[in-house]
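Undergrad: This one is start_7.json, JSON, C-alpha atoms.
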```
[["chain", "number", "residue", "atom", "x", "y", "z"],
["A", 13, "MET", "CA", 53.79, -106.77, 141.96],
["A", 14, "PHE", "CA", 53.79, -105.46, 138.41],
["A", 15, "GLN", "CA", 57.38, -105.05, 137.19],
["A", 16, "GLY", "CA", 57.02, -102.94, 134.11],
["A", 17, "PRO", "CA", 54.86, -101.61, 131.35],
["A", 18, "ALA", "CA", 55.33, -104.38, 128.75],
["A", 19, "ILE", "CA", 53.72, -107.78, 128.05],
["A", 20, "ALA", "CA", 54.50, -110.37, 125.40],
["A", 21, "LEU", "CA", 52.60, -113.48, 124.32],
["A", 22, "PHE", "CA", 53.70, -116.52, 122.36],
["A", 23, "GLU", "CA", 51.19, -119.14, 121.24],
["A", 24, "VAL", "CA", 53.12, -122.19, 120.07],
["A", 25, "GLU", "CA", 51.73, -125.16, 118.13],
["A", 26, "SER", "CA", 53.98, -127.62, 119.99],
["A", 27, "ILE", "CA", 53.84, -128.10, 123.76],
["A", 28, "ALA", "CA", 57.45, -129.30, 123.81],
["A", 29, "ARG", "CA", 58.63, -126.25, 121.84],
["A", 30, "GLY", "CA", 56.53, -124.03, 124.13],
["A", 31, "TYR", "CA", 58.68, -125.06, 127.09],
["A", 32, "VAL", "CA", 61.81, -124.28, 125.08],
["A", 33, "VAL", "CA", 60.40, -120.83, 124.22],
["A", 34, "ALA", "CA", 59.56, -120.16, 127.89],
["A", 35, "ASP", "CA", 63.09, -121.06, 128.94],
["A", 36, "ALA", "CA", 64.68, -118.98, 126.18],
["A", 37, "VAL", "CA", 62.73, -115.79, 126.93],
["A", 38, "VAL", "CA", 63.55, -115.75, 130.63],
["A", 39, "LYS", "CA", 67.20, -116.47, 129.88],
["A", 40, "LYS", "CA", 67.39, -113.63, 127.34],
["A", 41, "ALA", "CA", 66.45, -110.78, 129.72],
["A", 42, "PRO", "CA", 65.11, -110.20, 133.25],
["A", 43, "VAL", "CA", 61.42, -110.81, 132.49],
["A", 44, "ARG", "CA", 58.82, -112.65, 134.53],
["A", 45, "LEU", "CA", 56.75, -115.59, 133.35],
["A", 46, "LEU", "CA", 53.10, -114.73, 133.90],
["A", 47, "MET", "CA", 51.71, -117.87, 132.28],
["A", 48, "THR", "CA", 53.02, -121.09, 130.80],
["A", 49, "ASP", "CA", 50.17, -123.41, 130.02],
["A", 50, "THR", "CA", 48.83, -125.97, 127.60],
["A", 51, "VAL", "CA", 45.63, -125.00, 125.82],
["A", 52, "THR", "CA", 43.20, -126.73, 123.50],
["A", 53, "PRO", "CA", 43.86, -128.06, 120.91],
["A", 54, "GLY", "CA", 47.36, -129.07, 122.04],
["A", 55, "LYS", "CA", 49.06, -125.67, 121.95],
["A", 56, "PHE", "CA", 51.21, -123.91, 124.52],
["A", 57, "LEU", "CA", 50.97, -120.32, 125.74],
["A", 58, "VAL", "CA", 53.83, -118.29, 127.17],
["A", 59, "LEU", "CA", 53.12, -114.83, 128.63],
["A", 60, "ILE", "CA", 55.80, -112.57, 130.07],
["A", 61, "ASP", "CA", 56.04, -109.10, 131.55],
["A", 62, "GLY", "CA", 58.80, -106.71, 132.53],
["A", 63, "GLU", "CA", 60.42, -103.50, 131.50],
["A", 64, "VAL", "CA", 59.91, -102.48, 127.87],
["A", 65, "ALA", "CA", 63.46, -103.09, 126.61],
["A", 66, "ASP", "CA", 63.71, -106.44, 128.40],
["A", 67, "VAL", "CA", 60.37, -107.69, 127.10],
["A", 68, "GLU", "CA", 61.22, -106.52, 123.59],
["A", 69, "ALA", "CA", 64.51, -108.44, 123.64],
["A", 70, "SER", "CA", 62.80, -111.55, 125.00],
["A", 71, "PHE", "CA", 59.97, -111.18, 122.47],
["A", 72, "HIS", "CA", 62.39, -111.27, 119.54],
["A", 73, "GLU", "CA", 64.17, -114.26, 121.09],
["A", 74, "GLY", "CA", 60.87, -116.12, 121.61],
["A", 75, "VAL", "CA", 59.74, -115.52, 118.04],
["A", 76, "GLU", "CA", 63.06, -116.83, 116.74],
["A", 77, "VAL", "CA", 63.09, -119.89, 119.00],
["A", 78, "ALA", "CA", 59.46, -120.78, 118.22],
["A", 79, "GLY", "CA", 60.18, -120.55, 114.51],
["A", 80, "PRO", "CA", 57.55, -122.07, 112.24],
["A", 81, "LEU", "CA", 55.69, -123.51, 115.26],
["A", 82, "LEU", "CA", 54.60, -120.02, 116.33],
["A", 83, "VAL", "CA", 50.83, -119.72, 115.85],
["A", 84, "ASP", "CA", 50.30, -116.21, 117.24],
["A", 85, "LYS", "CA", 52.23, -113.54, 119.09],
["A", 86, "LEU", "CA", 51.75, -110.15, 120.70],
["A", 87, "TYR", "CA", 54.14, -107.50, 121.97],
["A", 88, "LEU", "CA", 52.40, -104.83, 124.03],
["A", 89, "PRO", "CA", 55.03, -102.29, 125.12],
["A", 90, "LEU", "CA", 52.75, -99.93, 127.06],
["A", 91, "ALA", "CA", 50.31, -102.38, 128.62],
["A", 92, "HIS", "CA", 47.74, -101.16, 131.13],
["A", 93, "ALA", "CA", 48.92, -101.82, 134.69],
["A", 94, "ASP", "CA", 45.90, -104.05, 135.48],
["A", 95, "LEU", "CA", 46.68, -106.65, 132.78],
["A", 96, "SER", "CA", 49.59, -108.48, 134.42],
["A", 97, "PRO", "CA", 47.82, -108.97, 137.76],
["A", 98, "ALA", "CA", 44.68, -110.15, 135.92],
["A", 99, "ILE", "CA", 46.70, -112.70, 133.93],
["A", 100, "ARG", "CA", 47.94, -114.07, 137.26],
["A", 101, "GLY", "CA", 44.33, -114.16, 138.53],
["A", 102, "ALA", "CA", 44.70, -111.26, 140.95],
["A", 103, "VAL", "CA", 41.59, -109.16, 140.36],
["A", 104, "VAL", "CA", 40.18, -107.18, 143.27],
["A", 105, "PRO", "CA", 36.45, -107.67, 143.83],
["A", 106, "GLY", "CA", 34.24, -104.69, 144.47],
["A", 107, "PHE", "CA", 30.97, -103.01, 143.57],
["A", 108, "ILE", "CA", 29.61, -103.94, 140.16],
["A", 109, "ASP", "CA", 27.73, -101.16, 138.41],
["A", 110, "SER", "CA", 27.22, -102.00, 134.73],
["A", 111, "LEU", "CA", 28.84, -105.13, 133.36],
["A", 112, "ALA", "CA", 30.53, -105.61, 129.99],
["A", 113, "VAL", "CA", 31.71, -108.96, 128.66],
["A", 114, "ILE", "CA", 33.93, -109.06, 125.58],
["A", 115, "GLU", "CA", 34.69, -112.42, 123.92],
["A", 116, "LEU", "CA", 37.37, -112.91, 121.27],
["A", 117, "SER", "CA", 38.62, -115.81, 119.21],
["A", 118, "THR", "CA", 42.34, -115.55, 120.11],
["A", 119, "VAL", "CA", 44.40, -114.87, 123.20],
["A", 120, "ALA", "CA", 46.40, -112.12, 121.48],
["A", 121, "ALA", "CA", 43.20, -110.34, 120.43],
["A", 122, "THR", "CA", 41.84, -110.66, 123.98],
["A", 123, "LEU", "CA", 44.90, -109.03, 125.52],
["A", 124, "LEU", "CA", 44.96, -106.27, 122.91],
["A", 125, "ALA", "CA", 41.24, -105.56, 123.34],
["A", 126, "ALA", "CA", 41.42, -105.62, 127.15],
["A", 127, "ASP", "CA", 44.31, -103.17, 127.09],
["A", 128, "ALA", "CA", 42.42, -100.81, 124.77],
["A", 129, "ALA", "CA", 39.24, -101.03, 126.86],
["A", 130, "LEU", "CA", 41.04, -100.26, 130.11],
["A", 131, "LYS", "CA", 42.84, -97.29, 128.57],
["A", 132, "ALA", "CA", 39.71, -95.87, 126.91],
["A", 133, "ALA", "CA", 37.36, -95.53, 129.86],
["A", 134, "GLN", "CA", 37.05, -95.40, 133.62],
["A", 135, "VAL", "CA", 36.37, -99.12, 134.07],
["A", 136, "ARG", "CA", 37.64, -101.90, 136.34],
["A", 137, "LEU", "CA", 38.71, -105.32, 135.08],
["A", 138, "LEU", "CA", 36.72, -108.06, 136.80],
["A", 139, "LYS", "CA", 37.95, -111.16, 135.04],
["A", 140, "LEU", "CA", 40.36, -112.17, 132.29],
["A", 141, "GLU", "CA", 40.19, -115.72, 130.92],
["A", 142, "LEU", "CA", 42.71, -116.89, 128.37],
["A", 143, "ALA", "CA", 42.28, -120.03, 126.27],
["A", 144, "ARG", "CA", 42.16, -122.75, 128.90],
["A", 145, "GLY", "CA", 38.87, -124.62, 128.91],
["A", 146, "ILE", "CA", 37.34, -122.34, 126.27],
["A", 147, "GLY", "CA", 38.83, -123.74, 123.09],
["A", 148, "GLY", "CA", 41.68, -121.28, 122.75],
["A", 149, "LYS", "CA", 39.42, -118.21, 122.89],
["A", 150, "GLY", "CA", 39.57, -115.46, 125.49],
["A", 151, "TYR", "CA", 37.19, -113.12, 127.24],
["A", 152, "PHE", "CA", 37.20, -110.42, 129.83],
["A", 153, "SER", "CA", 34.62, -108.60, 131.90],
["A", 154, "LEU", "CA", 34.61, -105.00, 133.07],
["A", 155, "THR", "CA", 32.52, -102.86, 135.35],
["A", 156, "GLY", "CA", 31.86, -99.14, 135.52],
["A", 157, "SER", "CA", 29.14, -96.70, 134.68],
["A", 158, "LEU", "CA", 27.02, -97.59, 131.67],
["A", 159, "ASP", "CA", 28.62, -94.94, 129.47],
["A", 160, "SER", "CA", 32.10, -96.08, 130.56],
["A", 161, "VAL", "CA", 31.52, -99.74, 129.71],
["A", 162, "GLU", "CA", 30.01, -98.70, 126.37],
["A", 163, "ALA", "CA", 33.14, -96.65, 125.62],
["A", 164, "ALA", "CA", 35.35, -99.55, 126.70],
["A", 165, "ILE", "CA", 33.52, -101.97, 124.39],
["A", 166, "ALA", "CA", 33.81, -99.51, 121.51],
["A", 167, "ALA", "CA", 37.57, -99.25, 122.04],
["A", 168, "ALA", "CA", 37.99, -103.02, 122.38],
["A", 169, "SER", "CA", 35.91, -103.65, 119.27],
["A", 170, "THR", "CA", 37.82, -101.24, 117.04],
["A", 171, "ILE", "CA", 41.36, -102.33, 118.01],
["A", 172, "VAL", "CA", 40.97, -105.90, 116.71],
["A", 173, "ALA", "CA", 39.99, -107.26, 113.31],
["A", 174, "PRO", "CA", 36.21, -107.79, 113.13],
["A", 175, "GLU", "CA", 36.58, -111.54, 112.55],
["A", 176, "LEU", "CA", 38.39, -111.89, 115.92],
["A", 177, "LEU", "CA", 35.52, -110.36, 117.90],
["A", 178, "VAL", "CA", 33.10, -113.15, 118.85],
["A", 179, "ASN", "CA", 30.60, -111.11, 120.89],
["A", 180, "THR", "CA", 30.13, -108.23, 123.30],
["A", 181, "GLU", "CA", 27.36, -107.87, 125.86],
["A", 182, "ILE", "CA", 26.37, -105.23, 128.39],
["A", 183, "ILE", "CA", 24.20, -105.74, 131.45],
["A", 184, "ALA", "CA", 23.24, -102.30, 132.72],
["A", 185, "SER", "CA", 22.51, -103.39, 136.28],
["A", 186, "PRO", "CA", 23.34, -107.04, 136.95],
["A", 187, "HIS", "CA", 21.31, -108.93, 139.54],
["A", 188, "GLY", "CA", 23.04, -109.42, 142.88],
["A", 189, "ASP", "CA", 23.21, -113.21, 142.40],
["A", 190, "LEU", "CA", 25.12, -112.74, 139.15],
["A", 191, "SER", "CA", 27.34, -110.02, 140.61],
["A", 192, "SER", "CA", 28.33, -112.31, 143.50],
["A", 193, "ARG", "CA", 29.56, -114.92, 141.01],
["A", 194, "LEU", "CA", 31.83, -112.53, 139.15]]
```
Translate this file's structure into structure tokens.
TA:
Amino acid sequence: MFQGPAIALFEVESIARGYVVADAVVKKAPVRLLMTDTVTPGKFLVLIDGEVADVEASFHEGVEVAGPLLVDKLYLPLAHADLSPAIRGAVVPGFIDSLAVIELSTVAATLLAADAALKAAQVRLLKLELARGIGGKGYFSLTGSLDSVEAAIAAASTIVAPELLVNTEIIASPHGDLSSRL
């Protein structure tokens, strides 16, 4: 169950240091590890969630402990409630109306864009993939009415720097075979 409205990410250049960062952030405050994983090319991701003040304290600790090995970071104090479950892989299947797929070049940009998309329109998160097996990139897919997924893509596209946005696509009415694979 989602414990609070904040998420933090640390992308560390060293796998060994990544484990140290993960340990330090959970020792600093009562936060939950959502993800600790190696990603290509030899980096380590740490994602946490919890109450805003706890995540903020752990975020500062993680940045300090990672030091110069920190590649990227994100502190999202008012994260959409669907992000933490999606990071853990808990996305509820259902009817797919229009489909939007948003692909970004970093994990931090993916989380930021997904949060903005979910907050901007009446859409449902179908999938959130972060870094593993996709060269450190991230993508997410959404469903909703055509105008809702268009609004979600607009919000996701404007919240990140243009060079971080790899591609966006909309399928107005996906075929049933594709829908069943989402």
Undergrad: Closest to Ser110 (chain A) among A:Leu154, A:Met47, A:Leu190, A:Ala36, using all atoms listed in the file?
TA: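 The closest residue to Ser110 (chain A) is A:Leu154.
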Undergrad: So that I can check the surroundings of Phe107 (chain A), please list as number ranges by chain every protein, DNA and RNA residue that reaches within 10 Å of it, counting all atoms listed in the file and ignoring chain neighbours fewer than 5 positions away.
TA: A: 136, 155-156, 191-192
Undergrad: Could you tell me how far CA of Glu141 (chain A) sits from CA of Ala129 (chain A), in Å to one decimal place?
TA: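 Computing it gives 15.3 Å between the two atoms.
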Undergrad: Excluding Val104 (chain A) and residues on its chain fewer than 6 positions from it, collect all residues at most 10 Å away from it, counting only C-alpha atoms, and give them as a list in words.
TA: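 The residues that qualify are Pro97, Ala98, Arg136, Leu137, Leu138 and Lys139 of chain A.
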Undergrad: Pick from A:Leu142, A:Val24, A:Val38, A:Val32: nearest to Gly101 (chain A), with all atoms listed in the file counted?
TA: A:Leu142
Undergrad: Considering all atoms listed in the file, return as a PyMOL selection string whatever protein or nucleic-acid residues lie within 12 Å of Lys85 (chain A), sequence-local ones (same chain, fewer than 3 positions apart) excluded.
TA: chain A and resi 19-25+56-60+71-72+74-76+78-79+81-82+88+118-124
Undergrad: For the selection you just gave me, I'd like the residues written to a file as a CSV table (one decimal), keeping the file's coordinate frame, keeping C-alpha atoms.
TA:
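And here's selection14.csv as it stands now:
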```csv
chain,number,residue,atom,x,y,z
A,19,ILE,CA,53.7,-107.8,128.0
A,20,ALA,CA,54.5,-110.4,125.4
A,21,LEU,CA,52.6,-113.5,124.3
A,22,PHE,CA,53.7,-116.5,122.4
A,23,GLU,CA,51.2,-119.1,121.2
A,24,VAL,CA,53.1,-122.2,120.1
A,25,GLU,CA,51.7,-125.2,118.1
A,56,PHE,CA,51.2,-123.9,124.5
A,57,LEU,CA,51.0,-120.3,125.7
A,58,VAL,CA,53.8,-118.3,127.2
A,59,LEU,CA,53.1,-114.8,128.6
A,60,ILE,CA,55.8,-112.6,130.1
A,71,PHE,CA,60.0,-111.2,122.5
A,72,HIS,CA,62.4,-111.3,119.5
A,74,GLY,CA,60.9,-116.1,121.6
A,75,VAL,CA,59.7,-115.5,118.0
A,76,GLU,CA,63.1,-116.8,116.7
A,78,ALA,CA,59.5,-120.8,118.2
A,79,GLY,CA,60.2,-120.6,114.5
A,81,LEU,CA,55.7,-123.5,115.3
A,82,LEU,CA,54.6,-120.0,116.3
A,88,LEU,CA,52.4,-104.8,124.0
A,118,THR,CA,42.3,-115.6,120.1
A,119,VAL,CA,44.4,-114.9,123.2
A,120,ALA,CA,46.4,-112.1,121.5
A,121,ALA,CA,43.2,-110.3,120.4
A,122,THR,CA,41.8,-110.7,124.0
A,123,LEU,CA,44.9,-109.0,125.5
A,124,LEU,CA,45.0,-106.3,122.9
```
Undergrad: With a distance cut-off of 7 Å and all atoms listed in the file, select the neighbouring residues of Ile99 (chain A), excluding the residue or stretch itself and same-chain residues fewer than 3 positions from it, and output the selection as a PyMOL selection string.
TA: chain A and resi 46+95-96+140
Undergrad: How many Å lie between CA of Ala91 (chain A) and CA of Arg144 (chain A), rounded to one decimal?
TA: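 About the pair CA of Ala91 (chain A) and CA of Arg144 (chain A): they are 21.9 Å apart.
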Undergrad: CA of Gly30 (chain A) and CA of Tyr87 (chain A) are how many Å apart?
TA: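 That distance, rounded to one decimal, is 16.8 Å.
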Undergrad: Scan for residues within 10 Å of the point (57.9, -104.8, 132.1) in the coordinates of the file, using all atoms listed in the file, and reply as a list in words.
TA: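 Selection result: Phe14, Gln15, Gly16, Pro17, Ala18, Ile19, Ala20, Pro42, Val43, Arg44, Ile60, Asp61, Gly62, Glu63, Val64, Ala65, Asp66, Val67, Glu68, Leu88, Pro89, Leu90, Ala91, Ala93 and Ser96 of chain A.
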Undergrad: Find, counting only C-alpha atoms, the residue in A:Val83, A:Val113, A:Ile146, A:Val161 that gets nearest to Ile27 (chain A).
TA: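 Comparing A:Val83, A:Val113, A:Ile146, A:Val161 against Ile27 (chain A), the winner is A:Val83.
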Undergrad: Which residue, A:Ser153, A:Gln134, A:Thr50, A:Ser26, has the smallest gap to Asn179 (chain A) when you use all atoms listed in the file?
TA: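 Closest to Asn179 (chain A), using all atoms listed in the file: A:Ser153.
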Undergrad: My list of candidates is A:Pro80, A:Gly54, A:Gly145, A:Gly150. Which is closest to Leu116 (chain A) when distances are computed with only C-alpha atoms?
TA: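 Smallest distance to Leu116 (chain A) is found for A:Gly150.
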Undergrad: Could you check the closest approach to Ile114 (chain A) for each of A:Ile165, A:Leu45, A:Leu194, A:Ala128 and tell me which residue wins, using all atoms listed in the file?
TA: A:Ile165
Undergrad: Could region 37-48 of chain A be completed with N, CA, C and O atoms and returned as a PDB file, in the coordinates of the input?
TA:
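Listed below is the output, part_29.pdb:
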```pdb
ATOM      1  N   VAL A  37      63.071-117.199 126.691  1.00  0.00           N
ATOM      2  CA  VAL A  37      62.730-115.790 126.930  1.00  0.00           C
ATOM      3  C   VAL A  37      63.166-115.314 128.305  1.00  0.00           C
ATOM      4  O   VAL A  37      63.564-114.162 128.461  1.00  0.00           O
ATOM      5  N   VAL A  38      63.110-116.196 129.301  1.00  0.00           N
ATOM      6  CA  VAL A  38      63.550-115.750 130.630  1.00  0.00           C
ATOM      7  C   VAL A  38      65.072-115.748 130.751  1.00  0.00           C
ATOM      8  O   VAL A  38      65.624-115.037 131.593  1.00  0.00           O
ATOM      9  N   LYS A  39      65.742-116.504 129.905  1.00  0.00           N
ATOM     10  CA  LYS A  39      67.200-116.470 129.880  1.00  0.00           C
ATOM     11  C   LYS A  39      67.730-115.254 129.123  1.00  0.00           C
ATOM     12  O   LYS A  39      68.829-114.784 129.385  1.00  0.00           O
ATOM     13  N   LYS A  40      66.951-114.745 128.182  1.00  0.00           N
ATOM     14  CA  LYS A  40      67.390-113.630 127.340  1.00  0.00           C
ATOM     15  C   LYS A  40      67.475-112.315 128.109  1.00  0.00           C
ATOM     16  O   LYS A  40      68.394-111.526 127.902  1.00  0.00           O
ATOM     17  N   ALA A  41      66.498-112.063 128.992  1.00  0.00           N
ATOM     18  CA  ALA A  41      66.450-110.780 129.720  1.00  0.00           C
ATOM     19  C   ALA A  41      65.673-110.990 131.020  1.00  0.00           C
ATOM     20  O   ALA A  41      64.949-111.971 131.169  1.00  0.00           O
ATOM     21  N   PRO A  42      65.808-110.061 131.956  1.00  0.00           N
ATOM     22  CA  PRO A  42      65.110-110.200 133.250  1.00  0.00           C
ATOM     23  C   PRO A  42      63.603-109.909 133.127  1.00  0.00           C
ATOM     24  O   PRO A  42      63.127-108.832 133.473  1.00  0.00           O
ATOM     25  N   VAL A  43      62.871-110.893 132.595  1.00  0.00           N
ATOM     26  CA  VAL A  43      61.420-110.810 132.490  1.00  0.00           C
ATOM     27  C   VAL A  43      60.812-111.851 133.418  1.00  0.00           C
ATOM     28  O   VAL A  43      61.495-112.759 133.885  1.00  0.00           O
ATOM     29  N   ARG A  44      59.511-111.722 133.648  1.00  0.00           N
ATOM     30  CA  ARG A  44      58.820-112.650 134.530  1.00  0.00           C
ATOM     31  C   ARG A  44      57.801-113.451 133.724  1.00  0.00           C
ATOM     32  O   ARG A  44      57.069-112.884 132.907  1.00  0.00           O
ATOM     33  N   LEU A  45      57.770-114.752 133.969  1.00  0.00           N
ATOM     34  CA  LEU A  45      56.750-115.590 133.350  1.00  0.00           C
ATOM     35  C   LEU A  45      55.425-115.371 134.074  1.00  0.00           C
ATOM     36  O   LEU A  45      55.318-115.593 135.273  1.00  0.00           O
ATOM     37  N   LEU A  46      54.436-114.910 133.344  1.00  0.00           N
ATOM     38  CA  LEU A  46      53.100-114.730 133.900  1.00  0.00           C
ATOM     39  C   LEU A  46      52.267-115.992 133.714  1.00  0.00           C
ATOM     40  O   LEU A  46      51.405-116.308 134.526  1.00  0.00           O
ATOM     41  N   MET A  47      52.510-116.687 132.603  1.00  0.00           N
ATOM     42  CA  MET A  47      51.710-117.870 132.280  1.00  0.00           C
ATOM     43  C   MET A  47      52.507-118.778 131.365  1.00  0.00           C
ATOM     44  O   MET A  47      53.108-118.326 130.389  1.00  0.00           O
ATOM     45  N   THR A  48      52.530-120.043 131.693  1.00  0.00           N
ATOM     46  CA  THR A  48      53.020-121.090 130.800  1.00  0.00           C
ATOM     47  C   THR A  48      52.005-122.208 130.947  1.00  0.00           C
ATOM     48  O   THR A  48      51.862-122.794 132.011  1.00  0.00           O
TER      49      THR A  48
END
```
